[in-house]
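Have a look at data-v8.csv; it's CSV, C-alpha atoms:
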```csv
chain,number,residue,atom,x,y,z
R,27,MET,CA,-16.4,-13.0,-7.3
R,28,SER,CA,-12.7,-12.3,-6.6
R,29,VAL,CA,-11.5,-8.8,-5.7
R,30,LEU,CA,-9.3,-8.8,-8.9
R,31,GLY,CA,-12.4,-9.5,-11.0
R,32,VAL,CA,-13.8,-6.1,-10.1
R,33,LEU,CA,-10.6,-4.2,-9.7
R,34,PRO,CA,-8.8,-4.2,-13.0
R,35,PHE,CA,-6.1,-1.8,-11.9
R,36,LEU,CA,-4.8,-4.6,-9.5
R,37,LYS,CA,-4.5,-7.1,-12.3
R,38,PRO,CA,-0.9,-8.0,-13.2
R,39,THR,CA,0.6,-6.1,-16.1
R,40,HIS,CA,2.3,-8.7,-18.3
R,41,LEU,CA,4.9,-8.0,-20.9
R,42,LYS,CA,4.8,-10.2,-24.0
R,43,SER,CA,7.5,-12.9,-23.8
R,44,PRO,CA,10.3,-12.3,-26.2
R,45,ARG,CA,10.6,-15.0,-28.9
R,46,SER,CA,13.9,-16.8,-29.3
R,47,SER,CA,15.0,-16.2,-32.9
R,48,ALA,CA,16.6,-19.6,-33.2
R,49,ARG,CA,13.7,-21.8,-32.2
R,50,GLY,CA,10.7,-19.6,-32.3
R,51,GLN,CA,9.8,-20.6,-28.8
R,52,ARG,CA,8.6,-18.3,-26.0
R,53,ARG,CA,10.9,-17.8,-23.1
R,54,HIS,CA,9.3,-17.7,-19.6
R,55,THR,CA,9.4,-14.2,-18.0
R,56,LEU,CA,7.9,-12.9,-14.9
R,57,PRO,CA,5.5,-9.9,-15.1
R,58,ALA,CA,7.4,-6.6,-15.2
R,59,SER,CA,5.1,-5.1,-12.6
R,60,GLU,CA,2.3,-6.5,-10.5
R,61,PHE,CA,0.1,-4.9,-7.9
R,62,ARG,CA,-1.7,-7.2,-5.5
R,63,CYS,CA,-2.9,-7.5,-1.9
R,64,LEU,CA,-0.3,-8.9,0.3
R,65,SER,CA,-0.6,-12.3,2.0
R,66,PRO,CA,0.8,-13.7,5.2
R,67,GLU,CA,3.5,-15.4,3.1
R,68,ASP,CA,4.8,-11.9,2.2
R,69,ALA,CA,5.3,-10.9,5.9
R,70,VAL,CA,9.1,-11.5,6.0
R,71,SER,CA,9.7,-9.5,2.8
R,72,VAL,CA,7.5,-6.7,4.1
R,73,PHE,CA,9.4,-6.6,7.4
R,74,GLU,CA,12.8,-6.5,5.8
R,75,ILE,CA,11.8,-3.5,3.6
R,76,GLU,CA,10.1,-1.8,6.6
R,77,ARG,CA,13.1,-2.3,8.8
R,78,GLU,CA,15.5,-1.0,6.2
R,79,ALA,CA,13.3,2.1,5.6
R,80,PHE,CA,12.6,3.1,9.2
R,81,ILE,CA,15.4,2.0,11.5
R,82,SER,CA,17.8,4.5,10.0
R,83,VAL,CA,15.2,7.4,10.2
R,84,SER,CA,13.4,6.8,13.5
R,85,GLY,CA,15.3,3.9,15.2
R,86,ASP,CA,12.3,1.7,15.3
R,87,CYS,CA,9.8,0.0,12.9
R,88,PRO,CA,6.1,1.1,12.9
R,89,LEU,CA,5.1,-2.6,12.8
R,90,HIS,CA,7.1,-5.6,14.0
R,91,LEU,CA,7.0,-9.0,12.3
R,92,ASP,CA,4.3,-10.4,14.5
R,93,GLU,CA,2.1,-7.3,13.9
R,94,ILE,CA,2.6,-7.5,10.1
R,95,ARG,CA,1.5,-11.2,10.2
R,96,HIS,CA,-1.5,-10.2,12.3
R,97,PHE,CA,-2.6,-7.5,9.8
R,98,LEU,CA,-2.0,-9.7,6.8
R,99,ASN,CA,-4.1,-12.5,8.4
R,100,LEU,CA,-6.8,-10.2,9.7
R,101,CYS,CA,-7.3,-7.9,6.7
R,102,PRO,CA,-5.1,-8.7,3.7
R,103,GLU,CA,-7.6,-6.8,1.5
R,104,LEU,CA,-6.4,-3.6,3.1
R,105,SER,CA,-2.8,-4.1,2.0
R,106,LEU,CA,-1.2,-3.5,-1.4
R,107,GLY,CA,2.2,-4.7,-2.6
R,108,TRP,CA,4.1,-3.6,-5.7
R,109,PHE,CA,6.1,-6.5,-7.2
R,110,GLU,CA,8.7,-6.2,-10.0
R,111,GLU,CA,9.9,-9.4,-11.6
R,112,GLY,CA,8.3,-11.3,-8.7
R,113,ARG,CA,10.1,-9.3,-6.0
R,114,LEU,CA,8.4,-7.0,-3.5
R,115,VAL,CA,9.6,-3.4,-4.0
R,116,ALA,CA,7.0,-1.3,-2.1
R,117,PHE,CA,4.0,-1.9,0.0
R,118,ILE,CA,1.2,-0.3,2.1
R,119,ILE,CA,-0.5,-2.0,5.1
R,120,GLY,CA,-3.8,-0.7,6.4
R,121,SER,CA,-6.6,-1.9,8.6
R,122,LEU,CA,-10.0,-0.6,9.7
R,123,TRP,CA,-9.5,2.2,12.2
R,124,ASP,CA,-10.8,1.0,15.5
R,125,GLN,CA,-11.8,4.5,16.6
R,126,ASP,CA,-14.4,4.8,13.9
R,127,PRO,CA,-17.6,3.2,15.3
R,128,GLN,CA,-19.1,2.7,11.8
R,129,GLY,CA,-15.9,1.0,10.5
R,130,ARG,CA,-15.6,3.2,7.5
R,131,ALA,CA,-12.1,4.6,8.0
R,132,VAL,CA,-9.0,2.8,6.8
R,133,HIS,CA,-5.9,3.5,8.9
R,134,ILE,CA,-2.7,3.3,6.8
R,135,HIS,CA,-0.1,1.9,9.2
R,136,VAL,CA,2.9,2.0,6.9
R,137,LEU,CA,4.1,2.8,3.3
R,138,ALA,CA,7.6,1.7,2.5
R,139,VAL,CA,9.8,1.4,-0.6
R,140,HIS,CA,12.8,-0.8,-0.9
R,141,ARG,CA,16.0,1.3,-0.9
R,142,PRO,CA,17.1,0.6,-4.6
R,143,PHE,CA,13.7,1.7,-5.8
R,144,ARG,CA,13.4,5.0,-3.9
R,145,GLN,CA,13.4,8.4,-5.5
R,146,GLN,CA,11.6,7.0,-8.5
R,147,GLY,CA,8.1,8.1,-7.7
R,148,LYS,CA,7.0,4.6,-6.6
R,149,GLY,CA,5.7,5.7,-3.2
R,150,SER,CA,3.3,8.2,-4.9
R,151,ILE,CA,2.2,5.7,-7.6
R,152,LEU,CA,1.6,3.1,-4.9
R,153,MET,CA,-0.4,5.5,-2.8
R,154,TRP,CA,-2.5,6.5,-5.8
R,155,ARG,CA,-3.2,2.9,-6.7
R,156,TYR,CA,-4.1,2.2,-3.0
R,157,LEU,CA,-6.5,5.1,-2.8
R,158,GLN,CA,-8.1,4.0,-6.1
R,159,TYR,CA,-8.5,0.5,-4.7
R,160,LEU,CA,-10.1,1.8,-1.5
R,161,ARG,CA,-12.7,3.7,-3.6
R,162,CYS,CA,-13.9,0.3,-4.8
R,163,LEU,CA,-14.5,-1.0,-1.3
R,164,PRO,CA,-18.1,-0.3,-0.4
R,165,PHE,CA,-17.4,0.4,3.3
R,166,ALA,CA,-14.4,2.8,2.9
R,167,ARG,CA,-15.1,6.4,3.3
R,168,ARG,CA,-11.8,7.9,4.3
R,169,ALA,CA,-8.1,7.0,4.7
R,170,LEU,CA,-6.2,8.1,7.8
R,171,LEU,CA,-2.5,8.1,8.7
R,172,MET,CA,-0.1,9.7,11.0
R,173,CYS,CA,3.4,10.8,9.9
R,174,GLU,CA,6.4,12.9,10.9
R,175,ASP,CA,6.5,16.5,9.9
R,176,PHE,CA,9.0,16.0,7.1
R,177,LEU,CA,6.5,13.6,5.3
R,178,VAL,CA,3.6,16.0,5.4
R,179,PRO,CA,4.4,17.5,1.9
R,180,PHE,CA,4.6,14.0,0.4
R,181,TYR,CA,1.2,13.1,1.7
R,182,GLN,CA,-0.3,16.4,0.8
R,183,LYS,CA,0.8,15.8,-2.9
R,184,CYS,CA,-1.1,12.5,-2.6
R,185,GLY,CA,-4.2,14.5,-1.6
R,186,PHE,CA,-4.2,14.1,2.1
R,187,LYS,CA,-5.1,17.0,4.4
R,188,ALA,CA,-3.4,17.6,7.7
R,189,LEU,CA,-5.8,17.4,10.7
R,190,GLY,CA,-3.2,18.5,13.3
R,191,PRO,CA,-0.9,17.0,15.8
R,192,CYS,CA,-1.6,13.4,16.7
R,193,GLU,CA,-2.1,12.3,20.3
R,194,VAL,CA,0.2,9.3,19.7
R,195,THR,CA,3.9,9.8,20.3
R,196,VAL,CA,6.8,7.3,20.2
R,197,GLY,CA,9.5,8.5,22.5
R,198,GLU,CA,10.6,11.9,21.2
R,199,LEU,CA,8.8,11.4,17.9
R,200,ALA,CA,5.6,13.5,17.4
R,201,PHE,CA,3.3,12.9,14.5
R,202,ILE,CA,0.8,14.8,12.3
R,203,GLU,CA,-2.6,13.1,11.7
R,204,MET,CA,-3.8,13.3,8.1
R,205,GLN,CA,-6.9,12.1,6.1
R,206,HIS,CA,-8.0,11.6,2.6
R,207,PRO,CA,-11.7,11.2,1.6
R,208,VAL,CA,-12.4,7.9,-0.2
R,209,ARG,CA,-16.2,7.7,-0.4
R,210,GLY,CA,-16.3,4.0,-1.5
R,211,HIS,CA,-18.8,2.5,-3.9
R,212,ALA,CA,-16.8,3.5,-7.0
R,213,CYS,CA,-17.4,0.0,-8.3
R,214,MET,CA,-21.1,0.6,-8.4
R,215,ARG,CA,-20.9,4.0,-10.2
R,216,ARG,CA,-21.3,3.8,-13.9
R,217,ASN,CA,-18.0,4.4,-15.9
R,218,SER,CA,-16.0,4.3,-12.7
R,219,GLY,CA,-13.2,2.2,-14.2
R,220,CYS,CA,-13.3,-0.2,-11.3
```
Spell out the structure here as structure tokens.
Amino acid sequence: MSVLGVLPFLKPTHLKSPRSSARGQRRHTLPASEFRCLSPEDAVSVFEIEREAFISVSGDCPLHLDEIRHFLNLCPELSLGWFEEGRLVAFIIGSLWDQDPQGRAVHIHVLAVHRPFRQQGKGSILMWRYLQYLRCLPFARRALLMCEDFLVPFYQKCGFKALGPCEVTVGELAFIEMQHPVRGHACMRRNSGC
């Protein structure tokens, strides 16, 4: 069974094609909005958005192109992209956290929104969809991330709790470690909506 078969909130949202009044034929249109797991073919688009989002703020990208390709080959099911009219506008890349011996924690490496689509709530919506998706994965129990101080309020609004300073630093940049309980198995719960 495909992941989309059990996860209806990842299914593409299609708009009805407008009808041409002259011929009564349908015009081809792309879905207005689509959420789906990313594939290795999306790596270049992901990197371009990530570079645009992070270079101006921190001077470096959290993930470089070869790392993006690595994660999208290793665990594409732990990524989520938001596409509008076939174009990637926002994404999240995650992987199983290697510090969790039971493999139940998903580490969110990066969330980025393409510049023309920022300040529209897309980051919050994408994170909500991603957390809903993680709830349908039987192994996922919590989501972890590390962020700069100025992003803590954003992630707190998404339901994350600050755990404290992170041991990882990048040059002068310090990070706060945050977590969100996921508790998996939502697909198996009656009336879960998954």
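Non-sequential neighbours of range 90-93 of chain R (distance at most 10 Å, separation of 5 or more positions within a chain, all atoms listed in the file) are R:Ala69, R:Val70, R:Ser71, R:Val72, R:Phe73, R:Glu74, R:Glu76, R:Arg77, R:Leu98, R:Asn99.
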Counting all atoms listed in the file, the residue among R:Ala138, R:Val196, R:Leu189, R:Cys184 that lies closest to Arg155 in chain R is R:Cys184
CA of Ala166 in chain R and CA of Cys63 in chain R, how far apart in Å?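 Computing it gives 16.2 Å between the two atoms.
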Atom pair CA of Leu170 in chain R + CA of Ile119 in chain R, distance 11.9 Å
Identify which of the residues R:Pro164, R:His140, R:Glu67, R:Tyr181 lies closest to Arg209 in chain R, counting all atoms listed in the file when measuring atom-to-atom distances.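 Smallest distance to Arg209 in chain R is found for R:Pro164.
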Long-range neighbours of Ala188 in chain R as a PyMOL selection string, 10 Å cut-off, all atoms listed in the file, 5 positions minimum in chain: chain R and resi 170-173+178-179+181-182+202-206
Would you pick out the contacts of Asp126 in chain R at 12 Å or less, using only C-alpha atoms, so that residues sharing its chain but fewer than 4 positions from it are not included, and give the list as a ChimeraX atom specification? /R:121-122,130-133,165-170
Considering only C-alpha atoms, can you say which of R:Gly190, R:Gly185, R:Gly107, R:Gly197 comes closest to Pro66 in chain R? R:Gly107
I need the residue nearest Gly120 in chain R from this list: R:Phe143, R:Phe180, R:Phe201, R:Phe97. Use all atoms listed in the file for the distance.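 Ranking R:Phe143, R:Phe180, R:Phe201, R:Phe97 by distance to Gly120 in chain R, first place goes to R:Phe97.
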Any idea what the distance is between CA of Glu78 in chain R and CA of Ala200 in chain R?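 Spanning CA of Glu78 in chain R to CA of Ala200 in chain R is a straight-line distance of 20.8 Å.
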Between R:Gly129, R:Pro142, R:Pro102, R:Pro88, single out the one closest to Leu114 in chain R, counting only C-alpha atoms. R:Pro142
Nearest candidate to Gly147 in chain R (options R:Leu163, R:Ala116, R:Leu177, R:Leu106; using all atoms listed in the file): R:Ala116
